[in-house]
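Asks: Would you mind keeping the following structure in view while I ask a few things?
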Amino acid sequence: MKLEARHLDFGYRGRGVGHDVSLALDSGEVLCLLGPNGSGKTTLFKTLLGLLPAQGGQVLVDGTDLRHRRRDEVARDISYVPQAHAAFFPFTVREVVLMGRTAHLGVFSSPSRRDRDVAQAAIERMRLGPLAESIYTRISGGERQLTLIARALAQDARIIVMDEPTANLDFGNQVRVLEHIQALAEGGMGVLLSTHDPDQAFLCASRVALLHEGRLARLGGPGETITVESLKQIYGVDVAVVSVPVDSGEQRRVCLPLVKGARGPH
Amino acid sequence: MKRRRFLAAAAAATCLPYLGRAQTGRAVTDATGRRIELPERVERIYAAGPPASILVFAVAPDKLIGWTSAWRDAERPFIAKKYADLPALGRLTGRGNTANVEVVLRAKPDVIIDYGTVSPTIVSLAERVQQQTGIPYLLLDGDFGKMADAATRIGTIAGVEQQADEWARYIRETLAFINQRLATVPPERRPRVYYGRGPLGLTTGRKGSINVESIEQLGAINVAAVMGRGGLVQVSVEQVLLWNPDVVITIDANFYATARVHPLWRALPAVEAGRIYLAPNVPFGWIDFPPSVNRLIGLRWLARVLYPQVFPEDLRPVVREFYTRCYHQAPTEAQLDELLRHTP
Amino acid sequence: MRSRVALALAGACAAIAVMAIVAFSVGRFPISMGDFLSVLWAGVTGGQHGLDPTVETVIYQIRGPRVAAALLIGAALAGAGAAYQNMFRNPLVSPDILGVSAGAAMGAVLGIFLSLNVIAIQSLAFGFGLVAVGLVYVTANAVRGHDPLLVLVLAGVVIGALLGACVALMKYLADPYNQLPAITFWLLGSLASSAPQDVWSTLPLILIGLVPLWLLRWRVNLLSLDDEEARALGVETGKVRITVIVAATLMTAAAVSISGIIGWIGLVIPHFARMLVGPDFSRLLPTSILLGAAFLLGVDTLARTVAQIEIPLGVLTAFVGTPLFLWQLATARRGWQ
């Protein structure tokens, strides 16, 4: 399955946010959208999901324009993981994950036995089994984020769009989420996620898109896109990009901010 | 489930016409034009509101099964104890009813009678109660001019034709007497009257309102008539000053006391000249409150107040006769003194 | 959880059955439980009960419609309240929020003011209730670019206030002798004049409102999410929302047109139901409906037996509902969660 943006202009009514963005995401890929606050990442995502109308250009899923498709059809192809939020009513984790099955239900239907099985599988895949009957509003931020990912899994779409999935998570949970993202791609899903931490892009992305003032500054593999120059351009800070050897013998890239006056161990 | 079978049975019961009472073919047409079947003998009458209570009590006191509210201590001395002790059953008129339909049913009336303004709302409510309970519900027109007719109808319904005819005759004679004397008063000497209701005296009746019928019946000019036809309405002191009535009539003792010393009201020449009168109101008001046959004595009283030269007779014997007829008990001299205290 | 839900529903049904029997057996007209059951049995089997025929009148014409109306209206108001609370993501919402009660009040008061017959008054109440919500919806739609729910609520508040002012004006102009008592009494809510035709006319309307709510029960759960999130999950939120509004309004307008304004049920009952069975609408709706029916039946039975005169329902539900609500607030775990 392929999600594609062609010369996409996006924004809100009366206010353009981004122009002429073209990118594509295939199954099995992780595309990381990097950009500062206010660069239009969330707006772009909402337009790609069909939640906001495109102001120009097209969004295509397997070649068909999103504009002409029904909400539930789109939801069967693309799922959305927003940032974990506080909910209003005390649904259980299981019920929240089950909500992901809605796109597969008729308008007047309720989840069937099969839907519940799919939800259960998603819960187990995210290792949320012990929390399944807990109240969503009572678990931690990290657990909620994992629940929302499980929900997207239950939705059984080939493309999954994640809006800053590691925001508000502690270090351990961040790493765990990134591991899950890698696993999802290896399992055949196409993952589009946004972040403003270049290291996360290095960790899991197969390709990176740099968004700067509403336009695509770079698009390509992490090594070519995340450079000292490109980060200086979009963030206005000085960094060093270094390769570090890891246990298995391969080299990993890491991005180090150069903070003036920082003292090393002397 | 028990409920489902009950619902089926209830559905059957409500779709059938009510079969409870054996009607014997005696039918009466009430003020709404409905033809209503009555039982052969009517012994128990439920009066649905205060005006009906007084009417029924005046004509057929022993057939009345209860009042709409309990008699207060100030009112009790005017009627016999056995009547004052009749149960308070609540009012059934209008959607402001306080009567529980079950209470009415428990009292086992033969008919329900209401007396007053007849509007589509009240007619449809009467029909609903009749349909629900199977008790004939008659509406009589409370218009002043139809008072004699109303008394006659009570006679037919309750089988007390003799007393009813006596009443009708008394009503007609009183009205004739008053009209005869009034004929001698030329139009320019007809007084302008303001009728102030309520503790502030700022509620009055428009033209044709049942509450001011007495005034209009006497050929006096209701100053509020310029506001058109209708019922009661709120006005302001400025309006009354503008109208500048010759006479102010009230039924509220508080207003009567206040108006005579209040600077705003004293600006009225009528009040300053002492031509503000408090209508007696025990056991029931003489002008209004409720607007029923009790207004008949009010008419004589008002006639004397408005046209003292034309009606110079002492009111005492008139009041005595009326109270005896209406409340079936001759008032004592002390009671008469109290009633006529504020009369010129 | 399943067994707890089943227990709650069974308990509510049992409560209703018991309260119905009690309701039939109490009242100003003395009817014992035995008499009631005899009449019932006679009605079902077609036999004779041998009692005073007035007993039958009271049961079928007076208490029967009243019990049925109480159950229907309690169910309708609680069901509409549950739907609205989910939809507006706010447990402090009642079915009146979009102005249906204000509209119905205006319709009824207008009917009384014009001295129309009872059917006309009820029809005006129903019609104006629907029109008020329609007006709110149209107004909210005309204002763009804001959170759709917030705009709905604001429009409801504003138009409700306007209609309230109209009602106040008509009360002022009404004849204090003939009309004002009727108006005041209607506004306070009462089932004292319930007649069989009221029940037959309201029942289909309430069912027409309930059916879509039940069919959409899963989607109503999703309405409690952020609008974009729900759409990303495949829900046509606009369509679901308007269906819920129409259904809930139909139920509330039908109920209010025969009973007058009865508050608290749509607000408090869904709370209790949520405490018992959780927020899942497929459980919340039936529980709310049964609890609402039981509650109003209980309150109405009190209203006609506790004092010499009938106590208006709107007053009594507040007197009973307020302490219950405060108790629930005090003992519940953090807020409504």
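Residue numbering restarts at 1 for every chain of the structure tokens, chains are lettered A, B, ... in their displayed order, and ligands are numbered from 1 as they appear.
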Please report as JSON, numbers by chain which residues of chain C come no farther than 10 Å from chain A, using only C-alpha atoms.
Replies: {"C": [1, 86, 89, 90, 91, 145, 212, 213, 214, 215, 216, 217, 218, 219, 221, 222, 224, 225, 226, 227, 228, 229, 230, 231, 232, 233, 234, 235, 236, 237, 240, 274, 275, 278, 279, 280, 282, 336, 337]}
Asks: Gly228 (chain B): which residues within 9 Å, counting only C-alpha atoms, same-chain residues fewer than 4 positions away excluded, as a list in words?
Replies: Arg206, Lys207, Gly208 and Ala224 of chain B
Asks: Find the spatial neighbours of Leu278 (chain B), counting only C-alpha atoms, within a cut-off of 8 Å - ignore same-chain residues fewer than 6 positions away - and output them as a list in words.
Replies: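 In the requested format, the answer is Ile249, Thr250, Ile251, Asp252, Ala253, Tyr256 and His342 of chain B.
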Asks: With distances taken over only C-alpha atoms, which residue among B:Ala225, B:Ala270, B:Ala220, B:Pro87 lies nearest Leu241 (chain B)?
Replies: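 Among the listed residues, B:Ala270 lies closest to Leu241 (chain B).
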Asks: Excluding region 191-204 of chain B and residues on its chain fewer than 2 positions from it, collect all residues at most 9 Å away from it, counting only C-alpha atoms, and give them as a ChimeraX atom specification.
Replies: /B:187-189,206,211-212,215,219-224,231-237,240,243-256,258-259,306-307 /C:176
Asks: Can you spit out the residues from that selection as a short mmCIF file (atom, residue, chain, number, x, y, z; two decimals), in the first residue's frame, using N, CA and C atoms?
Replies:
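Okay, this is what ended up in out18.cif:
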```cif
data_model
loop_
_atom_site.label_atom_id
_atom_site.label_comp_id
_atom_site.auth_asym_id
_atom_site.auth_seq_id
_atom_site.Cartn_x
_atom_site.Cartn_y
_atom_site.Cartn_z
N PRO B 187 -76.43 59.96 31.41
CA PRO B 187 -75.08 59.45 31.15
C PRO B 187 -73.97 60.30 31.78
N GLU B 188 -74.16 61.62 31.80
CA GLU B 188 -73.05 62.45 32.29
C GLU B 188 -72.83 62.31 33.79
N ARG B 189 -73.81 61.74 34.50
CA ARG B 189 -73.61 61.56 35.93
C ARG B 189 -73.17 60.13 36.27
N ARG B 206 -60.02 44.36 32.55
CA ARG B 206 -60.36 45.10 31.34
C ARG B 206 -61.83 44.92 31.01
N ASN B 211 -64.31 39.84 36.36
CA ASN B 211 -64.10 40.43 37.67
C ASN B 211 -64.71 41.82 37.82
N VAL B 212 -64.94 42.49 36.72
CA VAL B 212 -65.48 43.84 36.84
C VAL B 212 -66.91 43.93 36.32
N ILE B 215 -69.34 46.29 38.05
CA ILE B 215 -69.21 47.72 37.75
C ILE B 215 -69.89 48.05 36.43
N GLY B 219 -73.71 50.32 34.91
CA GLY B 219 -73.64 51.45 34.00
C GLY B 219 -72.50 52.39 34.30
N ALA B 220 -71.66 52.04 35.26
CA ALA B 220 -70.52 52.91 35.53
C ALA B 220 -69.46 52.66 34.48
N ILE B 221 -68.53 53.59 34.40
CA ILE B 221 -67.49 53.46 33.38
C ILE B 221 -66.25 52.88 34.02
N ASN B 222 -65.85 51.72 33.53
CA ASN B 222 -64.61 51.12 33.99
C ASN B 222 -63.47 51.83 33.28
N VAL B 223 -62.64 52.55 34.05
CA VAL B 223 -61.59 53.34 33.39
C VAL B 223 -60.62 52.46 32.61
N ALA B 224 -60.48 51.21 33.02
CA ALA B 224 -59.54 50.33 32.33
C ALA B 224 -60.11 49.80 31.03
N GLY B 231 -59.10 39.92 30.18
CA GLY B 231 -59.20 39.56 31.59
C GLY B 231 -58.45 40.57 32.44
N LEU B 232 -57.82 40.05 33.48
CA LEU B 232 -57.10 40.92 34.39
C LEU B 232 -55.79 41.38 33.76
N VAL B 233 -55.31 42.51 34.23
CA VAL B 233 -54.08 43.05 33.64
C VAL B 233 -53.36 43.88 34.71
N GLN B 234 -52.07 43.99 34.58
CA GLN B 234 -51.28 44.82 35.50
C GLN B 234 -51.18 46.24 34.94
N VAL B 235 -51.33 47.23 35.82
CA VAL B 235 -51.17 48.62 35.38
C VAL B 235 -50.23 49.34 36.33
N SER B 236 -49.93 50.57 36.02
CA SER B 236 -49.04 51.34 36.88
C SER B 236 -49.80 52.51 37.49
N VAL B 237 -49.23 53.10 38.54
CA VAL B 237 -49.92 54.20 39.22
C VAL B 237 -50.10 55.39 38.28
N VAL B 240 -53.24 55.04 36.36
CA VAL B 240 -54.45 55.34 37.13
C VAL B 240 -54.60 56.85 37.31
N TRP B 243 -55.99 58.24 34.22
CA TRP B 243 -57.41 57.97 34.04
C TRP B 243 -58.28 58.83 34.95
N ASN B 244 -57.73 59.14 36.11
CA ASN B 244 -58.43 60.00 37.07
C ASN B 244 -59.87 59.55 37.34
N PRO B 245 -60.02 58.40 37.96
CA PRO B 245 -61.38 57.90 38.23
C PRO B 245 -62.07 58.75 39.30
N ASP B 246 -63.41 58.68 39.28
CA ASP B 246 -64.17 59.36 40.33
C ASP B 246 -64.22 58.53 41.60
N VAL B 247 -64.18 57.23 41.41
CA VAL B 247 -64.31 56.32 42.56
C VAL B 247 -63.29 55.20 42.42
N VAL B 248 -62.73 54.80 43.54
CA VAL B 248 -61.83 53.65 43.54
C VAL B 248 -62.44 52.56 44.41
N ILE B 249 -62.57 51.38 43.84
CA ILE B 249 -63.11 50.25 44.60
C ILE B 249 -62.00 49.22 44.77
N THR B 250 -61.90 48.68 45.94
CA THR B 250 -60.92 47.62 46.13
C THR B 250 -61.49 46.54 47.03
N ILE B 251 -60.87 45.37 46.95
CA ILE B 251 -61.29 44.27 47.82
C ILE B 251 -60.16 43.91 48.79
N ASP B 252 -59.05 44.59 48.68
CA ASP B 252 -57.89 44.24 49.49
C ASP B 252 -57.72 45.25 50.62
N ALA B 253 -57.75 44.73 51.85
CA ALA B 253 -57.68 45.63 53.01
C ALA B 253 -56.34 46.34 53.10
N ASN B 254 -55.28 45.65 52.70
CA ASN B 254 -53.95 46.28 52.75
C ASN B 254 -53.88 47.48 51.82
N PHE B 255 -54.37 47.26 50.61
CA PHE B 255 -54.33 48.37 49.65
C PHE B 255 -55.19 49.52 50.15
N TYR B 256 -56.33 49.19 50.69
CA TYR B 256 -57.23 50.23 51.19
C TYR B 256 -56.53 51.08 52.25
N THR B 258 -53.20 51.38 52.76
CA THR B 258 -52.04 52.07 52.20
C THR B 258 -52.43 53.26 51.34
N ALA B 259 -53.44 53.02 50.48
CA ALA B 259 -53.75 54.05 49.49
C ALA B 259 -54.17 55.35 50.15
N LEU B 306 -71.88 54.10 44.45
CA LEU B 306 -71.69 54.94 43.26
C LEU B 306 -72.79 55.98 43.10
N TYR B 307 -73.98 55.60 43.48
CA TYR B 307 -75.10 56.54 43.29
C TYR B 307 -75.85 56.71 44.60
N PRO C 176 -54.19 36.71 35.50
CA PRO C 176 -53.83 36.05 36.75
C PRO C 176 -54.94 35.19 37.30
#
```
Asks: Take CA of Arg91 (chain B) and CA of Leu140 (chain B) and report the distance between them in Å, one decimal.
Replies: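 Spanning CA of Arg91 (chain B) to CA of Leu140 (chain B) is a straight-line distance of 15.8 Å.
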Asks: Taking the chain letters and numbering used in this document, name the residues of region 146-276 of chain C that DSSP puts in alpha helix (DSSP H), as number ranges by chain.
Replies: C: 148-173, 180-188, 196-215, 217-223, 227-232, 237-259, 265-276
Asks: List the spatial neighbours of region 51-63 of chain B as a ChimeraX atom specification - criterion: any atom at most 7 Å away, only C-alpha atoms, same-chain residues fewer than 6 positions off excluded.
Replies: /B:43-45,113-116,151,154,160,163-164,290-293,325-327
Asks: Give the answer as one residue: which of B:Arg304, B:Arg295, B:Lys108, B:Arg169 has the shortest atom-to-atom distance to chain C, using only C-alpha atoms?
Replies: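 Among the listed residues, B:Lys108 lies closest to chain C.
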Asks: Rounded to one decimal, what separation in Å do you get between CA of Ser3 (chain C) and CA of Phe281 (chain C)?
Replies: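 Separation between CA of Ser3 (chain C) and CA of Phe281 (chain C): 16.7 Å.
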Asks: Identify which of the residues A:Leu193, A:Leu219, A:Ala150, A:Val244 lies closest to Ala167 (chain A), counting only C-alpha atoms when measuring atom-to-atom distances.
Replies: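 That would be A:Leu193, the residue with the smallest distance to Ala167 (chain A).
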